[in-house]
$ cat work33.cif   # mmCIF, C-alpha atoms
data_run
loop_
_atom_site.group_PDB
_atom_site.id
_atom_site.type_symbol
_atom_site.label_atom_id
_atom_site.label_comp_id
_atom_site.auth_asym_id
_atom_site.auth_seq_id
_atom_site.Cartn_x
_atom_site.Cartn_y
_atom_site.Cartn_z
ATOM 1 C CA MET A 1 -17.014 11.438 -11.415
ATOM 2 C CA GLY A 2 -14.956 13.761 -9.174
ATOM 3 C CA THR A 3 -18.144 15.309 -7.789
ATOM 4 C CA GLN A 4 -19.519 11.894 -6.903
ATOM 5 C CA ASP A 5 -16.254 10.913 -5.200
ATOM 6 C CA ARG A 6 -16.274 14.166 -3.233
ATOM 7 C CA ARG A 7 -19.893 13.646 -2.170
ATOM 8 C CA ILE A 8 -19.170 10.067 -1.137
ATOM 9 C CA ARG A 9 -16.175 11.188 0.917
ATOM 10 C CA LYS A 10 -18.243 13.948 2.507
ATOM 11 C CA THR A 11 -21.128 11.588 3.339
ATOM 12 C CA ARG A 12 -18.762 9.033 4.858
ATOM 13 C CA ALA A 13 -16.983 11.741 6.860
ATOM 14 C CA VAL A 14 -20.288 13.032 8.239
ATOM 15 C CA LEU A 15 -21.324 9.491 9.158
ATOM 16 C CA LYS A 16 -17.950 8.802 10.771
ATOM 17 C CA ASN A 17 -18.173 11.960 12.877
ATOM 18 C CA ALA A 18 -21.714 11.058 13.917
ATOM 19 C CA LEU A 19 -20.649 7.540 14.870
ATOM 20 C CA LEU A 20 -17.707 8.779 16.929
ATOM 21 C CA SER A 21 -19.965 11.312 18.613
ATOM 22 C CA LEU A 22 -22.463 8.603 19.546
ATOM 23 C CA MET A 23 -19.693 6.259 20.692
ATOM 24 C CA LYS A 24 -18.651 8.890 23.225
ATOM 25 C CA GLU A 25 -22.101 8.409 24.750
ATOM 26 C CA LYS A 26 -22.596 4.650 24.470
ATOM 27 C CA SER A 27 -21.271 1.381 23.111
ATOM 28 C CA VAL A 28 -21.540 0.782 19.376
ATOM 29 C CA LYS A 29 -23.783 -2.235 20.000
ATOM 30 C CA HIS A 30 -26.414 0.172 21.344
ATOM 31 C CA ILE A 31 -26.248 2.558 18.377
ATOM 32 C CA THR A 32 -28.983 2.193 15.790
ATOM 33 C CA VAL A 33 -28.837 3.165 12.139
ATOM 34 C CA LYS A 34 -31.763 5.517 12.763
ATOM 35 C CA GLU A 35 -30.041 7.493 15.504
ATOM 36 C CA LEU A 36 -26.787 7.521 13.534
ATOM 37 C CA CYS A 37 -28.607 8.946 10.514
ATOM 38 C CA ASP A 38 -30.442 11.469 12.701
ATOM 39 C CA ARG A 39 -27.123 12.620 14.184
ATOM 40 C CA ALA A 40 -25.530 12.823 10.721
ATOM 41 C CA ASP A 41 -28.645 14.466 9.258
ATOM 42 C CA ILE A 42 -28.849 12.008 6.354
ATOM 43 C CA ASN A 43 -31.551 9.550 5.408
ATOM 44 C CA ARG A 44 -31.282 5.844 6.040
ATOM 45 C CA GLY A 45 -31.285 5.052 2.320
ATOM 46 C CA THR A 46 -28.070 7.036 1.937
ATOM 47 C CA PHE A 47 -26.540 5.131 4.834
ATOM 48 C CA TYR A 48 -27.423 1.778 3.253
ATOM 49 C CA LEU A 49 -25.819 2.820 -0.026
ATOM 50 C CA HIS A 50 -22.497 2.788 1.839
ATOM 51 C CA TYR A 51 -22.842 0.290 4.705
ATOM 52 C CA ALA A 52 -24.814 -2.828 5.623
ATOM 53 C CA ASP A 53 -25.165 -1.800 9.284
ATOM 54 C CA VAL A 54 -23.371 0.112 12.036
ATOM 55 C CA PHE A 55 -20.874 -2.707 12.594
ATOM 56 C CA ASP A 56 -20.028 -2.835 8.883
ATOM 57 C CA MET A 57 -19.452 0.907 8.980
ATOM 58 C CA LEU A 58 -17.173 0.669 12.005
ATOM 59 C CA GLU A 59 -15.224 -2.178 10.414
ATOM 60 C CA LYS A 60 -14.671 -0.169 7.231
ATOM 61 C CA ILE A 61 -13.539 2.858 9.259
ATOM 62 C CA GLU A 62 -11.124 0.632 11.173
ATOM 63 C CA ASP A 63 -9.783 -0.865 7.934
ATOM 64 C CA ASP A 64 -9.182 2.641 6.566
ATOM 65 C CA MET A 65 -7.394 3.615 9.794
ATOM 66 C CA PHE A 66 -5.136 0.555 9.692
ATOM 67 C CA SER A 67 -4.305 1.251 6.066
ATOM 68 C CA GLU A 68 -3.400 4.838 6.941
ATOM 69 C CA LEU A 69 -1.406 3.752 10.005
ATOM 70 C CA ASN A 70 0.507 1.318 7.805
ATOM 71 C CA GLU A 71 1.447 4.194 5.486
ATOM 72 C CA TYR A 72 2.766 6.175 8.467
ATOM 73 C CA ILE A 73 4.811 3.186 9.633
ATOM 74 C CA GLU A 74 6.189 2.569 6.152
ATOM 75 C CA MET A 75 7.210 6.247 5.870
ATOM 76 C CA ALA A 76 9.664 5.685 8.715
ATOM 77 C CA GLY A 77 11.745 3.633 6.320
ATOM 78 C CA LYS A 78 13.015 0.100 6.453
ATOM 79 C CA ASN A 79 16.675 1.077 6.523
ATOM 80 C CA GLU A 80 16.495 2.759 9.889
ATOM 81 C CA GLU A 81 16.687 1.045 13.221
ATOM 82 C CA ALA A 82 13.422 -0.858 13.667
ATOM 83 C CA LEU A 83 12.270 1.001 16.787
ATOM 84 C CA SER A 84 13.442 4.453 15.807
ATOM 85 C CA GLU A 85 12.474 7.953 16.828
ATOM 86 C CA SER A 86 11.263 8.446 13.246
ATOM 87 C CA LEU A 87 8.869 5.494 13.547
ATOM 88 C CA PHE A 88 7.496 6.749 16.867
ATOM 89 C CA LYS A 89 7.099 10.293 15.502
ATOM 90 C CA ASN A 90 5.086 8.969 12.589
ATOM 91 C CA ILE A 91 2.847 6.907 14.843
ATOM 92 C CA PHE A 92 2.255 9.808 17.242
ATOM 93 C CA SER A 93 1.551 12.065 14.234
ATOM 94 C CA PHE A 94 -1.035 9.550 13.051
ATOM 95 C CA VAL A 95 -2.615 9.475 16.511
ATOM 96 C CA LYS A 96 -2.716 13.269 16.677
ATOM 97 C CA GLU A 97 -4.311 13.562 13.231
ATOM 98 C CA ASN A 98 -6.865 10.903 14.202
ATOM 99 C CA SER A 99 -7.147 11.828 17.871
ATOM 100 C CA GLU A 100 -10.935 11.653 18.085
ATOM 101 C CA PHE A 101 -11.041 8.180 16.556
ATOM 102 C CA CYS A 102 -8.129 6.969 18.701
ATOM 103 C CA SER A 103 -9.604 8.458 21.886
ATOM 104 C CA VAL A 104 -12.950 6.770 21.323
ATOM 105 C CA MET A 105 -11.547 3.423 20.243
ATOM 106 C CA LEU A 106 -9.069 3.210 23.122
ATOM 107 C CA SER A 107 -11.682 4.291 25.689
ATOM 108 C CA ASP A 108 -14.165 2.180 27.615
ATOM 109 C CA ARG A 109 -16.688 2.849 24.831
ATOM 110 C CA GLY A 110 -14.374 1.447 22.155
ATOM 111 C CA GLU A 111 -14.771 -2.066 20.883
ATOM 112 C CA ILE A 112 -12.536 -4.847 22.204
ATOM 113 C CA GLY A 113 -12.369 -6.146 18.645
ATOM 114 C CA PHE A 114 -10.502 -2.989 17.659
ATOM 115 C CA ILE A 115 -7.837 -3.561 20.314
ATOM 116 C CA LYS A 116 -7.448 -7.164 19.124
ATOM 117 C CA LYS A 117 -7.082 -6.002 15.515
ATOM 118 C CA LEU A 118 -4.571 -3.365 16.591
ATOM 119 C CA LEU A 119 -2.514 -5.913 18.503
ATOM 120 C CA THR A 120 -2.578 -8.333 15.564
ATOM 121 C CA PHE A 121 -1.581 -5.554 13.166
ATOM 122 C CA LEU A 122 1.310 -4.433 15.401
ATOM 123 C CA HIS A 123 2.338 -8.027 16.095
ATOM 124 C CA ASP A 124 2.647 -8.709 12.365
ATOM 125 C CA LYS A 125 4.785 -5.581 11.926
ATOM 126 C CA PHE A 126 6.941 -6.453 14.941
ATOM 127 C CA THR A 127 7.565 -10.097 14.060
ATOM 128 C CA SER A 128 8.313 -9.267 10.437
ATOM 129 C CA ARG A 129 11.221 -7.146 11.706
ATOM 130 C CA PHE A 130 12.395 -9.212 14.680
ATOM 131 C CA GLY A 131 11.258 -12.770 13.963
ATOM 132 C CA ASP A 132 8.707 -14.838 15.830
ATOM 133 C CA THR A 133 10.336 -16.434 18.863
ATOM 134 C CA PRO A 134 9.264 -16.783 22.500
ATOM 135 C CA LEU A 135 11.673 -13.971 23.427
ATOM 136 C CA THR A 136 10.258 -11.750 20.677
ATOM 137 C CA GLU A 137 6.782 -12.311 22.134
ATOM 138 C CA LEU A 138 7.947 -11.065 25.528
ATOM 139 C CA TYR A 139 9.542 -7.959 24.025
ATOM 140 C CA PHE A 140 6.461 -7.352 21.894
ATOM 141 C CA SER A 141 4.129 -7.529 24.887
ATOM 142 C CA PHE A 142 6.253 -5.211 26.983
ATOM 143 C CA ILE A 143 6.811 -2.623 24.270
ATOM 144 C CA VAL A 144 3.376 -2.608 22.645
ATOM 145 C CA TYR A 145 1.257 -2.619 25.781
ATOM 146 C CA GLY A 146 3.439 0.140 27.200
ATOM 147 C CA PHE A 147 3.222 2.063 23.939
ATOM 148 C CA ILE A 148 -0.590 1.821 23.869
ATOM 149 C CA GLY A 149 -0.670 2.992 27.486
ATOM 150 C CA LEU A 150 1.568 5.917 26.586
ATOM 151 C CA ILE A 151 -0.749 6.859 23.708
ATOM 152 C CA GLU A 152 -3.807 6.634 25.978
ATOM 153 C CA THR A 153 -2.173 8.844 28.595
ATOM 154 C CA TRP A 154 -1.128 11.359 25.939
ATOM 155 C CA LEU A 155 -4.665 11.485 24.527
ATOM 156 C CA ASN A 156 -6.288 11.708 27.974
ATOM 157 C CA THR A 157 -4.019 14.530 29.152
ATOM 158 C CA GLY A 158 -4.668 16.809 26.202
ATOM 159 C CA MET A 159 -1.734 15.939 23.910
ATOM 160 C CA ASN A 160 0.345 18.807 25.281
ATOM 161 C CA GLU A 161 3.541 17.306 23.921
ATOM 162 C CA THR A 162 4.246 17.294 20.190
ATOM 163 C CA PRO A 163 4.526 14.002 18.298
ATOM 164 C CA GLU A 164 8.269 14.731 18.099
ATOM 165 C CA ASP A 165 8.478 15.126 21.903
ATOM 166 C CA MET A 166 6.543 11.902 22.416
ATOM 167 C CA ALA A 167 8.819 10.086 19.975
ATOM 168 C CA VAL A 168 11.893 11.145 21.943
ATOM 169 C CA ILE A 169 10.275 10.087 25.217
ATOM 170 C CA CYS A 170 9.239 6.734 23.768
ATOM 171 C CA GLU A 171 12.632 6.010 22.257
ATOM 172 C CA LYS A 172 14.392 6.842 25.524
ATOM 173 C CA ILE A 173 12.043 4.611 27.487
ATOM 174 C CA ILE A 174 12.641 1.723 25.111
ATOM 175 C CA GLN A 175 16.382 2.332 25.167
ATOM 176 C CA ASN A 176 16.241 2.084 28.956
ATOM 177 C CA LYS A 177 17.069 5.736 29.497
ATOM 178 C CA ILE A 178 14.049 6.524 31.657
ATOM 179 C CA ARG A 179 16.214 7.920 34.449
ATOM 180 C CA GLU A 180 17.365 10.662 32.079
ATOM 181 C CA GLN A 181 13.699 11.527 31.458
ATOM 182 C CA LEU A 182 12.731 11.857 35.091
#

$ encode --input "work33.cif" --output "structure tokens"
Amino acid sequence: MGTQDRRIRKTRAVLKNALLSLMKEKSVKHITVKELCDRADINRGTFYLHYADVFDMLEKIEDDMFSELNEYIEMAGKNEEALSESLFKNIFSFVKENSEFCSVMLSDRGEIGFIKKLLTFLHDKFTSRFGDTPLTELYFSFIVYGFIGLIETWLNTGMNETPEDMAVICEKIIQNKIREQL
């Protein structure tokens, strides 16, 4: 049983890497199962044992990523301040560990559906901590769109700062201490 699980994980990892590689070249809607399998060096039958099509595969990868991101957010703890340095460090650590996926999905080649899912996911987390009011919506938009932009910039500039450094920067920006940063 363990061998089968390991082989399944390995096959899915190879397919994921192949998909991300192809998505750097073109939109997912232009990627065929055949070229994905050629890139992954597996046969199509193996692919269809795991996924219905390329979109099903991408959706399952996204679901896994959101599940993992949720674990990172939960690790920050519910007793701390809601927008804490610890929370930001965990999120930036997640991004660093999944930098290829995040880079592709937040790029022009990524799917708009992913961004919508990400915003919905973050919105649910945000409103569960702060409530769902018109003012909360304004704060959410400002913080989350800025945070996504900060992640994109970090990814696009080579992630020279550590997740800890980025967490400090993010917390200071949100606490309106940007002048101290510059």

$ closest_residue --input "work33.cif" --among "A:Thr11, A:Ser21, A:Leu150, A:Thr157" --to "Phe92 (chain A)" --atoms "only C-alpha atoms"
A:Leu150

$ closest_residue --input "work33.cif" --among "A:Leu119, A:Leu15, A:Cys102, A:Ile151" --to "Arg44 (chain A)" --atoms "all atoms listed in the file"
A:Leu15

$ resolve_selection --input "work33.cif" --expression "the PyMOL selection byres ((chain A and resi 144) around 12)" --output "compact mmCIF listing (two decimals) with C-alpha atoms, keeping the file's coordinate frame"
# COMPACT_ATOMS: atom_id res chain seq x y z
CA LEU A 83 12.27 1.00 16.79
CA PHE A 88 7.50 6.75 16.87
CA ILE A 115 -7.84 -3.56 20.31
CA LEU A 118 -4.57 -3.36 16.59
CA LEU A 119 -2.51 -5.91 18.50
CA THR A 120 -2.58 -8.33 15.56
CA PHE A 121 -1.58 -5.55 13.17
CA LEU A 122 1.31 -4.43 15.40
CA HIS A 123 2.34 -8.03 16.10
CA ASP A 124 2.65 -8.71 12.36
CA LYS A 125 4.78 -5.58 11.93
CA PHE A 126 6.94 -6.45 14.94
CA THR A 136 10.26 -11.75 20.68
CA GLU A 137 6.78 -12.31 22.13
CA LEU A 138 7.95 -11.06 25.53
CA TYR A 139 9.54 -7.96 24.02
CA PHE A 140 6.46 -7.35 21.89
CA SER A 141 4.13 -7.53 24.89
CA PHE A 142 6.25 -5.21 26.98
CA ILE A 143 6.81 -2.62 24.27
CA TYR A 145 1.26 -2.62 25.78
CA GLY A 146 3.44 0.14 27.20
CA PHE A 147 3.22 2.06 23.94
CA ILE A 148 -0.59 1.82 23.87
CA GLY A 149 -0.67 2.99 27.49
CA LEU A 150 1.57 5.92 26.59
CA ILE A 151 -0.75 6.86 23.71
CA CYS A 170 9.24 6.73 23.77
CA ILE A 174 12.64 1.72 25.11

$ residues_around --input "work33.cif" --residues "Val104 (chain A)" --least-positions-apart "6" --cutoff "10 Å" --atoms "only C-alpha atoms" --output "JSON, numbers by chain"
{"A": [20, 21, 22, 23, 24, 25, 110, 111]}

$ closest_residue --input "work33.cif" --among "A:Ser93, A:Thr153, A:Ser107, A:Asn17" --to "Ile61 (chain A)" --atoms "only C-alpha atoms"
A:Asn17

$ resolve_selection --input "work33.cif" --expression "the PyMOL selection byres ((chain A and resi 86) around 9)" --output "list in words"
Met75, Ala76, Gly77, Glu80, Leu83, Ser84, Glu85, Leu87, Phe88, Lys89, Asn90, Ile91, Glu164 and Ala167 of chain A

$ resolve_selection --input "work33.cif" --expression "the PyMOL selection byres ((chain A and resi 50) around 12)" --output "PyMOL selection string"
chain A and resi 7-13+15-16+43-49+51-54+56-58+60-61

$ residues_around --input "work33.cif" --residues "Phe94 (chain A)" --least-positions-apart "5" --cutoff "10 Å" --atoms "all atoms listed in the file" --output "ChimeraX atom specification"
/A:65,68-73,88-89,99,102,163

$ write_last_selection --input "work33.cif" --atoms "C-alpha atoms" --output "mmCIF file, in the coordinates of the input"
data_model
loop_
_atom_site.group_PDB
_atom_site.id
_atom_site.type_symbol
_atom_site.label_atom_id
_atom_site.label_comp_id
_atom_site.auth_asym_id
_atom_site.auth_seq_id
_atom_site.Cartn_x
_atom_site.Cartn_y
_atom_site.Cartn_z
ATOM 1 C CA MET A 65 -7.394 3.615 9.794
ATOM 2 C CA GLU A 68 -3.400 4.838 6.941
ATOM 3 C CA LEU A 69 -1.406 3.752 10.005
ATOM 4 C CA ASN A 70 0.507 1.318 7.805
ATOM 5 C CA GLU A 71 1.447 4.194 5.486
ATOM 6 C CA TYR A 72 2.766 6.175 8.467
ATOM 7 C CA ILE A 73 4.811 3.186 9.633
ATOM 8 C CA PHE A 88 7.496 6.749 16.867
ATOM 9 C CA LYS A 89 7.099 10.293 15.502
ATOM 10 C CA SER A 99 -7.147 11.828 17.871
ATOM 11 C CA CYS A 102 -8.129 6.969 18.701
ATOM 12 C CA PRO A 163 4.526 14.002 18.298
#

$ atom_distance --input "work33.cif" --atom1 "CA of Ile112 (chain A)" --atom2 "CA of Lys26 (chain A)"
14.0 Å

$ closest_residue --input "work33.cif" --among "A:Glu35, A:Asp5, A:Asp41, A:Glu62" --to "Lys116 (chain A)" --atoms "all atoms listed in the file"
A:Glu62

$ residues_near_point --input "work33.cif" --point "(-24.9, 16.1, 13.1)" --cutoff "8 Å" --atoms "only C-alpha atoms" --output "MDAnalysis selection string"
chainID A and resid 14 17:18 38:41

$ atom_distance --input "work33.cif" --atom1 "CA of Met159 (chain A)" --atom2 "CA of Val95 (chain A)"
9.9 Å

$ closest_residue --input "work33.cif" --among "A:Lys172, A:Lys96, A:Arg129, A:Arg109" --to "Gly158 (chain A)" --atoms "all atoms listed in the file"
A:Lys96

$ atom_distance --input "work33.cif" --atom1 "CA of Phe55 (chain A)" --atom2 "CA of Phe101 (chain A)"
15.2 Å
